[in-house]
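> Got a structure here, written out as structure tokens. Questions coming.
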4 protein chains.
Amino acid sequence: MRINDVEIEDTYAEAFPMYFGRVLITAVTRRWALASAQSAVGGGGGATLSESGLECEVAPKDTPDGRPGYIILVGRRFRKDVTPAIPAAIRNNVVPVPTAAAFNAMPDKMTDYFVEIENTPVQLFGDSYEEIVEKYGRKMYKIPRMDGFFYTDTKYGVRRGVGGGNFLIMGESQAATILSAEVAIDAIKQVLHVRAPTRPAASGSKVGGRVYKDAYATTNDKYCACIADKVEDTRIPDNVNCILEIVIDGLTLNGVKKAIAVGIKAATKMPGIKKITAVNFEGALGKINIGLYEALQN
Amino acid sequence: MRINDVEIEDTYAEAFPMYFGRVLITAVTRRWALASAQSAVGGGGGATLSESGLECEVAPKDTPDGRPGYIILVGRRFRKDVTPAIPAAIRNNVVPVPTAAAFNAMPDKMTDYFVEIENTPVQLFGDSYEEIVEKYGRKMYKIPRMDGFFYTDTKYGVRRGVGGGNFLIMGESQAATILSAEVAIDAIKQVLHVRAPTRPAASGSKVGGRVYKDAYATTNDKYCACIADKVEDTRIPDNVNCILEIVIDGLTLNGVKKAIAVGIKAATKMPGIKKITAVNFEGALGKINIGLYEALQN
Amino acid sequence: MRINDVEIEDTYAEAFPMYFGRVLITAVTRRWALASAQSAVGGGGGATLSESGLECEVAPKDTPDGRPGYIILVGRRFRKDVTPAIPAAIRNNVVPVPTAAAFNAMPDKMTDYFVEIENTPVQLFGDSYEEIVEKYGRKMYKIPRMDGFFYTDTKYGVRRGVGGGNFLIMGESQAATILSAEVAIDAIKQVLHVRAPTRPAASGSKVGGRVYKDAYATTNDKYCACIADKVEDTRIPDNVNCILEIVIDGLTLNGVKKAIAVGIKAATKMPGIKKITAVNFEGALGKINIGLYEALQN
Amino acid sequence: MRINDVEIEDTYAEAFPMYFGRVLITAVTRRWALASAQSAVGGGGGATLSESGLECEVAPKDTPDGRPGYIILVGRRFRKDVTPAIPAAIRNNVVPVPTAAAFNAMPDKMTDYFVEIENTPVQLFGDSYEEIVEKYGRKMYKIPRMDGFFYTDTKYGVRRGVGGGNFLIMGESQAATILSAEVAIDAIKQVLHVRAPTRPAASGSKVGGRVYKDAYATTNDKYCACIADKVEDTRIPDNVNCILEIVIDGLTLNGVKKAIAVGIKAATKMPGIKKITAVNFEGALGKINIGLYEALQN
């Protein structure tokens with residue numbers, strides 16, 4: 001298949017189940033809400049990382065407390081890990097920010113189960129001064145903080161979604177590939193319930209290592225143009241000198257597919273892009289195969 | 001003592017030794033260097049957190065590779081923790097960013113010892129394709145990445161500096177205290193070798209808990225105006241309704257003192273600030289006492 | 001009337017008819033579209049200035065060329081002035097920006113008349129190499145530029161809307177008033193067809209001068225707390241030390257009213273705000289009176 | 001000459017004398033100082049525009065009032081135009097911004113003459129409430145504003161500098177040329193006394209028109225790759241599809257030369273750049289010829 005005259009490989013992204021909380025952060029102004037959300041998002045972005053990402057902005061009229069807000073997705077690959085990760089994200093990135101509050105933003109019908117705030121560092125922060133109150137039509141913790149009370153929902157919905165959705169942009173130059181990746185990311189921002197990547201990943205990796213057997217993840221040598229002459233099974237097409245990966249996680253398989261489709265269509269608009277493909281590892285990473293052609297039906 | 005007619009309490013910030021790496025991140029443009037640095041900085045800011053912070057921007061003419069850069073400080077309280085933290089910060093926040101490179105930016109005369117990149121996830125990422133080369137007049141790892149080679153120094157200097165420097169801004173309103181804290185942070189940005197806080201911390205905490213004995217850190221109830229009527233030994237002065245903490249870590253005790261002095265002088269300029277103090281825990285947090293009056297001699 | 005325990009004065013904002021073009025700027029990425037929009041917005045903001053302002057962002061799926069975009073409102077008080085102002089805004093702020101294009105974004109049913117691009121500096125820029133083509137389902141100029149062709153609609157709808165909508169936030173401190181104004185501006189961003197102010201105006205002015213008779217606009221001395229003791233008919237309430245004006249222009253009287261209502265409700269949430277009023281000049285500025293109480297029915 | 005294997009044409013940028021004021025804007029925080037500076041900068045950037053540009057940030061310790069600041073250069077081609085332009089830039093972009101103040105930042109030894117604030121809209125804004133006071137070791141106007149007093153120097157130094165410094169980046173693709181231009185702009189930011197361009201200009205223009213004789217400036221058709229087949233004396237080299245212009249103005253000829261040299265060296269680092277040249281008009285634009293080779297001796 002070709003889109004905008006760019007070859008799309010008939011392959012699939014190897015994805016896996018991933019557990020997400022969806023946290024709305026509000027604050028007195030957009031700027032402080034964003035400061036909190038961006039703090040939570042730091043460190044994310046790679047395929048081998050499973051952390052927090054920004055989903056979207058929410059206007060004051062659409063938040064429980066009438067203040068500006070941002071929604072983040074807090075994701076982990078395993079259920080046991082997301083349970084502490086949601087309160088940790090709130091404790092480390094929302095509790096410290098002046099005026100910030102946290103709300104469960106997982107829609108009821110998308111919720112598989114709840115994580116409780118009770119007995120986590122968020123509740124314990126209150127040191128017995130915390131109370132559960134009825135506010136904004138919900139049950140909320142009211143916890144004393146130096147700037148006033150901090151409010152958080154008492155439980156956060158978790159959804160088993162999809163991690164590891166991806167595609168690779170193969171370009172003839174760094175410049176074309178970087179700009180193409182930015183175009184793709186801008187386009188993906190329109191898709192709801194998806195963790196918008198803040199940047200492309202240059203560090204595409206494979207599960208484990210060929211030589212360094214014990215390594216957790218190593219450079220995906222087949223996709224490194226700079227060593228194409230040294231890698232027997234290189235997958236670098238002619239005239240490709242730079243590859244970037246767009247990693248997409250989300251609450252639903254359909255959302256991830258849609259984001260892949262929207263992203264690929266946008267990425268191929270850039271002159272200098274030679275091919276689009278996706279990474280997979282013969283099942284070593286996950287059991288969810290997202291065929292690019294199927295996604296592009298979207 | 002009064003500065004700008006604001007009372008400064010004769011007390012001290014209780015600080016502790018902290019181990020820092022100083023990493024210069026460069027990239028093709030300021031924007032990409034900043035994207036990498038900000039990714040590393042996410043999640044930092046609280047007194048009970050000891051992570052990465054931004055120190056300063058570096059102009060292209062002053063970086064080894066002639067590209068724009070930002071310096072981050074990667075800090076941990078214990079030597080054993082900073083050893084993996086430096087390569088982890090590079091692996092998670094520099095390796096994935098298109099065109100980004102990492103350099104050791106700890107001055108020789110400030111270096112106490114080195115952390116090696118060998119045998120860390122950064123080196124192992126190379127899966128045997130990595131090489132040590134002579135470049136920019138230094139020994140560097142050259143590691144294949146999908147956008148080209150990633151370069152990093154082979155070792156990073158660590159310095160035993162100071163963590164937990166702090167002062168509290170006590171204001172009559174949230175607005176005055178927040179704006180005062182921003183003024184202080186802007187002023188602290190001028191001080192070299194200090195981890196510039198990106199935001200004030202509203203979540204001032206005490207070591208352990210009064211009621212929740214096993215908690216690691218809980219709300220510093222003595223400094224919460226919203227529960228002043230419930231706390232016997234409250235330290236809330238009259239007319240104070242909001243307190244924010246400025247946390248300052250740095251490579252040298254003198255730098256931290258200077259940052260505290262500069263920050264306090266700036267913070268007190270704001271009308272509506274009633275008092276400046278600092279937090280300490282009778283030695284439960286650390287053994288370095290930074291007297292505010294002494295720091296203000298600076 | 002009191003809202004959030006803040007007194008709202010029973011007065012009106014004195015507004016006037018104002019002529020607007022609504023221009024959608026798109027570019028290869030959001031960042032370049034925003035660079036163009038922000039360039040156009042520079043210099044705006046005061047009541048006595050009538051220039052360009054940002055209305056909203058538009059997602060790629062909602063723009064004619066499928067690229068990210070921002071809508072600006074180009075306004076002038078007089079019909080004769082908006083006619084050159086629209087092509088000038090495009091020539092100075094869109095034509096120079098790499099990959100940027102301009103589209104008429106005034107809805108048909110809101111259009112009072114059209115301004116033509118023919119015979120303006122935008123068309124003349126083409127020096128006869130320009131063509132009118134059919135593209136994106138519209139007639140567009142295709143004009144050679146150093147980075148490729150620049151596209152613009154051939155005509156831009158103009159609407160007679162409303163300028164000079166305003167309210168004043170009267171606070172006990174600079175900090176409270178500035179933060180309140182930011183809260184108000186964040187809230188106003190939700191209202192469509194309104195020129196979102198990028199900042200409050202500290203330079204509230206009156207038409208002409210009391211002493212400097214020939215001046216076009218001078219400080220609104222009645223609302224300057226710093227000279228309240230020198231101004232006989234001062235309107236400064238007790239405990240007010242800072243006033244900021246929020247200026248709101250828009251395509252419809254209803255939109256401006258709604259923005260005033262939303263803005264006042266948000267502004268009054270901030271502790272330390274003492275009173276809300278609006279400025280008027282006994283008809284010297286305009287004939288459209290927007291009663292605050294009436295607007296607040298919204 | 002070749003730099004980084006990119007051909008540099010042996011030609012010159014045709015520049016002209018330009019008159020500049022240098023205004024330091026300070027405010028309570030960096031953010032508000034930047035808001036004022038950016039407002040002033042809007043609309044600038046093209047060769048045929050001669051407006052305000054950002055020079056650099058100034059740390060609180062280095063400003064007269066100890067607050068964070070930014071320096072803008074307000075430039076006009078003719079002496080008669082810069083005289084009103086300096087007070088207009090202050091009136092429109094500094095006076096309205098909460099807490100902002102303006103200072104003359106032209107070094108004495110660089111000052112050719114002064115522009116007075118007396119009898120301009122800035123002084124008249126005071127409507128007789130303004131006073132001249134001694135403050136920060138200088139004579140300043142103290143003018144009542146709704147948020148407190150506005151301060152400005154009473155006179156601003158003007159220097160006859162250089163406008164129209166430029167070079168063209170010729171690239172094989174939009175992506176490479178845009179990224180190269182960003183690299184060049186980042187590098188130029190290091191050079192003092194130069195108006196840092198905020199963006200490259202895609203709208204390279206020639207003086208007047210070939211066909212549209214009365215036009216002030218029209219597309220520089222010789223440098224438009226998209227019509228190379230229609231332009232007899234096209235200067236488009238093989239494999240060039242995009243050209244962007246970097247326009248550099250500054251207080252001294254040496255500064256402009258240095259910025260051109262630094263910019264060219266940075267721009268040529270990007271793969272995909274084919275040639276660097278400069279624009280000139282056989283003296284129709286100005287009498288100052290800046291030879292690229294001579295500048296590159298720097």
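Following the order of the structure tokens, chains are lettered A, B, ..., residues in each are numbered from 1, and ligands are numbered from 1.
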Per residue of chain B within 12 Å of chain D, record the nearest atom pair and its distance in Å to one decimal, counting only C-alpha atoms, with rows in chain order and ascending residue number, as a Markdown table.

| residue | atom | partner | partner_atom | distance |
| --- | --- | --- | --- | --- |
| B:Ala27 | CA | D:Val183 | CA | 9.9 |
| B:Val28 | CA | D:Val183 | CA | 6.7 |
| B:Thr29 | CA | D:Val183 | CA | 5.6 |
| B:Arg30 | CA | D:Asp186 | CA | 6.7 |
| B:Arg31 | CA | D:Asp186 | CA | 9.3 |
| B:Trp32 | CA | D:Val183 | CA | 10.8 |
| B:Ala33 | CA | D:Asp186 | CA | 11.5 |
| B:Glu57 | CA | D:Gln190 | CA | 11.6 |
| B:Val58 | CA | D:Gln190 | CA | 9.8 |
| B:Ala59 | CA | D:Gln190 | CA | 6.4 |
| B:Pro60 | CA | D:Ala187 | CA | 6.3 |
| B:Lys61 | CA | D:Gln190 | CA | 7.8 |
| B:Asp62 | CA | D:Gln190 | CA | 10.0 |
| B:Thr63 | CA | D:Ala187 | CA | 11.7 |
| B:Asp65 | CA | D:Lys269 | CA | 11.5 |
| B:Gly66 | CA | D:Ala266 | CA | 8.7 |
| B:Arg67 | CA | D:Ala187 | CA | 8.1 |
| B:Pro68 | CA | D:Asp186 | CA | 7.2 |
| B:Gly69 | CA | D:Asp186 | CA | 10.5 |
| B:Thr99 | CA | D:Met270 | CA | 11.7 |
| B:Ala176 | CA | D:Val28 | CA | 11.9 |
| B:Ile178 | CA | D:Thr29 | CA | 11.4 |
| B:Leu179 | CA | D:Thr29 | CA | 8.2 |
| B:Ser180 | CA | D:Val28 | CA | 9.1 |
| B:Ala181 | CA | D:Thr29 | CA | 10.0 |
| B:Glu182 | CA | D:Thr29 | CA | 6.8 |
| B:Val183 | CA | D:Thr29 | CA | 5.6 |
| B:Ala184 | CA | D:Thr29 | CA | 9.1 |
| B:Ile185 | CA | D:Thr29 | CA | 9.2 |
| B:Asp186 | CA | D:Arg30 | CA | 6.7 |
| B:Ala187 | CA | D:Pro60 | CA | 6.3 |
| B:Ile188 | CA | D:Pro60 | CA | 9.5 |
| B:Lys189 | CA | D:Ala59 | CA | 8.3 |
| B:Gln190 | CA | D:Ala59 | CA | 6.4 |
| B:Val191 | CA | D:Ala59 | CA | 10.1 |
| B:Val262 | CA | D:Lys61 | CA | 9.5 |
| B:Gly263 | CA | D:Pro60 | CA | 11.3 |
| B:Lys265 | CA | D:Gly66 | CA | 10.5 |
| B:Ala266 | CA | D:Gly66 | CA | 8.7 |
| B:Ala267 | CA | D:Val28 | CA | 10.8 |
| B:Lys269 | CA | D:Val28 | CA | 9.5 |
| B:Met270 | CA | D:Val28 | CA | 8.9 |
| B:Pro271 | CA | D:Val28 | CA | 11.7 |
> DSSP on the backbone: what in range 228-275 of chain D comes out strand (DSSP E or B), as a list in words?
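Of range 228-275 of chain D, only Cys242, Ile243, Leu244, Glu245, Ile246, Val247, Ile248, Asp249, Gly250, Ile273, Lys274 and Lys275 of chain D fall in strand (DSSP E or B).
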> Which polymer residues have any atom within 6 Å of an atom of Ala13 in chain D, counting only C-alpha atoms, with same-chain residues fewer than 2 positions away left out, as JSON, numbers by chain?
{"D": [165, 166, 278, 279, 280, 289, 290]}
> As a ChimeraX atom specification, please: the residues near Arg77 in chain A (cut-off 7 Å, only C-alpha atoms, same-chain neighbours under 2 positions excluded).
/A:17-19,50,75,79
> Return the single residue from A:Gly42, A:Ala15, A:Asn241, A:Ala295 that is closest to Ala89 in chain B, with distances computed using only C-alpha atoms.
A:Gly42
> Record the distance separating CA of Tyr113 in chain D and CA of Cys56 in chain D, expressed in Å with one decimal.
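Separating CA of Tyr113 in chain D from CA of Cys56 in chain D is a distance of 22.6 Å.
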> Do you know which residues are at most 12 Å from Lys213 in chain A counting only C-alpha atoms, after dropping those on the same chain fewer than 3 positions away, and could you put them as a list of chain:residue names?
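So the residues in contact are A:Lys206, A:Val207, A:Gly208, A:Gly209, A:Arg210, A:Tyr216, A:Ala217, A:Thr218, B:Leu124, B:Phe125, B:Asp127, B:Ser128.
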> DSSP says alpha helix (DSSP H) for which residues of range 85-221 of chain A? Put them as JSON, numbers by chain?
{"A": [85, 86, 87, 88, 89, 90, 91, 92, 93, 121, 122, 123, 124, 174, 175, 176, 177, 178, 179, 180, 181, 182, 183, 184, 185, 186, 187, 188]}
> Those residues with C-alpha atoms, as a PDB file, in the first residue's frame please?

ATOM      1  CA  ALA A  85       1.529   4.275  40.241  1.00  0.00           C
ATOM      2  CA  ILE A  86      -1.711   6.264  40.265  1.00  0.00           C
ATOM      3  CA  PRO A  87      -1.424   7.548  43.834  1.00  0.00           C
ATOM      4  CA  ALA A  88       2.316   8.054  43.310  1.00  0.00           C
ATOM      5  CA  ALA A  89       1.667  10.237  40.272  1.00  0.00           C
ATOM      6  CA  ILE A  90      -0.786  12.300  42.326  1.00  0.00           C
ATOM      7  CA  ARG A  91       1.490  12.477  45.358  1.00  0.00           C
ATOM      8  CA  ASN A  92       4.560  13.522  43.412  1.00  0.00           C
ATOM      9  CA  ASN A  93       3.077  15.818  40.802  1.00  0.00           C
ATOM     10  CA  PRO A 121       0.976   8.021  50.413  1.00  0.00           C
ATOM     11  CA  VAL A 122      -1.715  10.479  49.266  1.00  0.00           C
ATOM     12  CA  GLN A 123      -4.073   9.682  52.099  1.00  0.00           C
ATOM     13  CA  LEU A 124      -1.293   9.143  54.606  1.00  0.00           C
ATOM     14  CA  GLN A 174      17.097  13.677  10.094  1.00  0.00           C
ATOM     15  CA  ALA A 175      15.341  16.900   9.205  1.00  0.00           C
ATOM     16  CA  ALA A 176      12.591  15.310   7.134  1.00  0.00           C
ATOM     17  CA  THR A 177      12.040  12.545   9.668  1.00  0.00           C
ATOM     18  CA  ILE A 178      11.923  14.864  12.663  1.00  0.00           C
ATOM     19  CA  LEU A 179       9.487  17.241  10.963  1.00  0.00           C
ATOM     20  CA  SER A 180       7.354  14.330   9.758  1.00  0.00           C
ATOM     21  CA  ALA A 181       7.214  12.970  13.297  1.00  0.00           C
ATOM     22  CA  GLU A 182       6.076  16.345  14.596  1.00  0.00           C
ATOM     23  CA  VAL A 183       3.345  16.452  11.974  1.00  0.00           C
ATOM     24  CA  ALA A 184       2.224  12.972  13.025  1.00  0.00           C
ATOM     25  CA  ILE A 185       2.193  13.887  16.703  1.00  0.00           C
ATOM     26  CA  ASP A 186       0.147  17.029  16.027  1.00  0.00           C
ATOM     27  CA  ALA A 187      -2.376  14.910  14.181  1.00  0.00           C
ATOM     28  CA  ILE A 188      -2.565  12.273  16.912  1.00  0.00           C
TER      29      ILE A 188
END
> As a list of chain:residue names, please: the residues near range 226-235 of chain B (cut-off 7 Å, only C-alpha atoms, same-chain neighbours under 3 positions excluded).
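The filter keeps A:Pro144, A:Gly148, A:Phe149, B:Asp221, B:Lys222, B:Tyr223.
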> Any chance you could export the current selection's N, CA and C atoms as a short mmCIF file (atom, residue, chain, number, x, y, z; two decimals), in the first residue's frame?

data_model
loop_
_atom_site.label_atom_id
_atom_site.label_comp_id
_atom_site.auth_asym_id
_atom_site.auth_seq_id
_atom_site.Cartn_x
_atom_site.Cartn_y
_atom_site.Cartn_z
N PRO A 144 -5.12 18.62 54.36
CA PRO A 144 -4.50 19.93 54.60
C PRO A 144 -3.13 20.04 53.93
N GLY A 148 -3.61 25.61 51.61
CA GLY A 148 -5.05 25.38 51.74
C GLY A 148 -5.32 23.90 51.60
N PHE A 149 -6.59 23.51 51.43
CA PHE A 149 -6.87 22.08 51.33
C PHE A 149 -6.61 21.54 49.93
N ASP B 221 1.81 19.78 59.46
CA ASP B 221 0.57 20.36 60.00
C ASP B 221 0.79 21.69 60.71
N LYS B 222 1.96 21.86 61.29
CA LYS B 222 2.22 23.12 61.98
C LYS B 222 2.20 24.31 61.02
N TYR B 223 2.38 24.04 59.76
CA TYR B 223 2.44 25.12 58.77
C TYR B 223 1.23 25.12 57.82
#
